[in-house]
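First the structure, in the form of structure tokens, and then the observations on it.
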Amino acid sequence: MTAYSPATSGRESVPSPFAGLRRGTGAAIRRGIDRITSGAIAPYQSAAIRIGLSLTWLAFLLREWVHRNELYGVGSPWSWSMAHELISTNHAFTVLMWSDSRLWFEIVYAAAMAASVMLLLGWRTRTTSLLFMIGVLALLNRNPYVGNAGNDVIHVLAIYLVFTRCGRVWSLDARRAANGRDAEGGGRDVVGIVMWVFCTAVLALVSALGKVDTGWALLLWGFAVAHAAWWLVRRYAPGEPRTVMETVGNVVHAGALLVIAVQVCLIYSASGWYKIQGSLWQDGTALYYPLHVGVYTPWPALSHAIASSSLIILLLTYGTVMVEVAFPFTLFNRRLRTVMVAIMMSLHAGIGILLGLPFFSMAMIAADALFLPTSVLRWVGDRLVRAVTRTRAVVPTPRPAQKETEPVN
């Protein structure tokens, strides 16, 4: 049948060549919206970021325990008055500016370690993720002139992690929910209420004393009100209010993961494109020089052995630039993405070992876990659980000593 122009009345119109594309795009958008709003996406990926980031920060705090006072305390060359002057201009948030006493610094440092342990275990993740962020900002904003790029990654991801639902799996929160001991399962959650009351009381006190800027005060009070509203709705409003809160939480969670993904892509792409502009990266000799710098060679024999081969140096130099530039473009293919993430994790492991930057490597590996498939993460989790189970089976459990009974005459 001959197609006629739609301008001719009573005759068939020519179908638009983009009709199928519009229908396919609309269906894809609807599926995406349903996926985002119906539940927390990528629960294993967000849990991996939570575990990796908290473990990295905890290891850093433990490593720097001996030097904590010189880095961030009253013994730092970057004195409290100098830090106060800088923060008055850039308006960075740090609770260490509330007092210049040694006791307050020790309390904040210990609290940062405690928050890292609680977040690592996934205990009350909604509250501990916020406390974890406060601990990270307290120390890193106190002295921004020490550390490396790993500190910057932790600084940024700690803020994003607050907005994720990172305790859905591999956490004590997930175990409590499975046992029906949370608010949704009928539990009273006394510990959560006590934590909220205590944190809100502290926030009210520091707000009244003017220790917190207006912007940060509004943000922290917003978290406090949101936590209270969340608990009340889950406890006393089964129905549409709970559905709306769940949907909002899922959307915020998805948005935070998207921001983390974009941040990681920007880190790699910016690093790769800046390297391309350097003459040492262009001629393939850039990695030769840091392998001969004492501060970046924890294993001098290994570093010098690698640096002695010009072919290895050339391949590593060009390979680093290529994978960093190509990383954002490989995320659209699932298989290629998995291979690229494995390459980037191996690259960071090599940086941590050869150049002595373990915490930078750990932070980036934790961020890269966002792009791993769920099947891979579950496989790794199952293997770790089996390893722990076998270790418990091998290690004998001490039995309580039995009292000897006296013979009865």
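Every chain in the structure tokens takes a letter, A first, then B, and so on in the order presented; its residues are numbered from 1, and the ligands are numbered from 1 following the presented order.
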Determine, for each residue of stretch 236-351 of chain A having at least one atom at most 10 Å from an atom of stretch 369-388 of chain A, the closest pair of atoms and their separation in Å to one decimal, counting only C-alpha atoms; order by chain and ascending number, as a Markdown table.
```
| residue | atom | partner | partner_atom | distance |
| --- | --- | --- | --- | --- |
| A:Leu257 | CA | A:Leu370 | CA | 8.0 |
| A:Leu258 | CA | A:Leu370 | CA | 9.8 |
| A:Ile260 | CA | A:Leu370 | CA | 8.3 |
| A:Ala261 | CA | A:Leu370 | CA | 7.3 |
| A:Val264 | CA | A:Leu370 | CA | 9.5 |
| A:Leu331 | CA | A:Phe371 | CA | 7.9 |
| A:Arg334 | CA | A:Pro373 | CA | 8.2 |
| A:Arg335 | CA | A:Pro373 | CA | 9.4 |
| A:Arg337 | CA | A:Phe371 | CA | 7.3 |
| A:Thr338 | CA | A:Leu372 | CA | 6.0 |
| A:Val339 | CA | A:Leu372 | CA | 9.3 |
| A:Met340 | CA | A:Phe371 | CA | 9.5 |
| A:Val341 | CA | A:Phe371 | CA | 6.9 |
| A:Ala342 | CA | A:Leu372 | CA | 8.6 |
| A:Met345 | CA | A:Ala369 | CA | 8.8 |
```
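Among the candidate residues A:Phe60, A:Phe327, A:Trp216, A:Trp170, the one lying nearest to A:Phe93 is A:Trp216, with distances computed using only C-alpha atoms.
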With only C-alpha atoms counted and 8 Å as the cut-off, give the residues of stretch 216-293 of chain A in contact with stretch 36-59 of chain A, each with its shortest interatomic distance in Å and the pair that gives it, as JSON lines.
```
{"residue": "A:Glu246", "atom": "CA", "partner": "A:Gly39", "partner_atom": "CA", "distance": 7.9}
{"residue": "A:Thr247", "atom": "CA", "partner": "A:Thr37", "partner_atom": "CA", "distance": 5.0}
{"residue": "A:Val248", "atom": "CA", "partner": "A:Thr37", "partner_atom": "CA", "distance": 7.6}
{"residue": "A:Asn250", "atom": "CA", "partner": "A:Ala40", "partner_atom": "CA", "distance": 5.1}
{"residue": "A:Val251", "atom": "CA", "partner": "A:Thr37", "partner_atom": "CA", "distance": 6.0}
{"residue": "A:His253", "atom": "CA", "partner": "A:Ala40", "partner_atom": "CA", "distance": 6.7}
{"residue": "A:Ala254", "atom": "CA", "partner": "A:Ile41", "partner_atom": "CA", "distance": 6.5}
{"residue": "A:Leu257", "atom": "CA", "partner": "A:Ser46", "partner_atom": "CA", "distance": 7.6}
```
- What does the distance from atom CA of A:Trp230 to atom CA of A:Met118 come to in Å, to one decimal? 20.8 Å
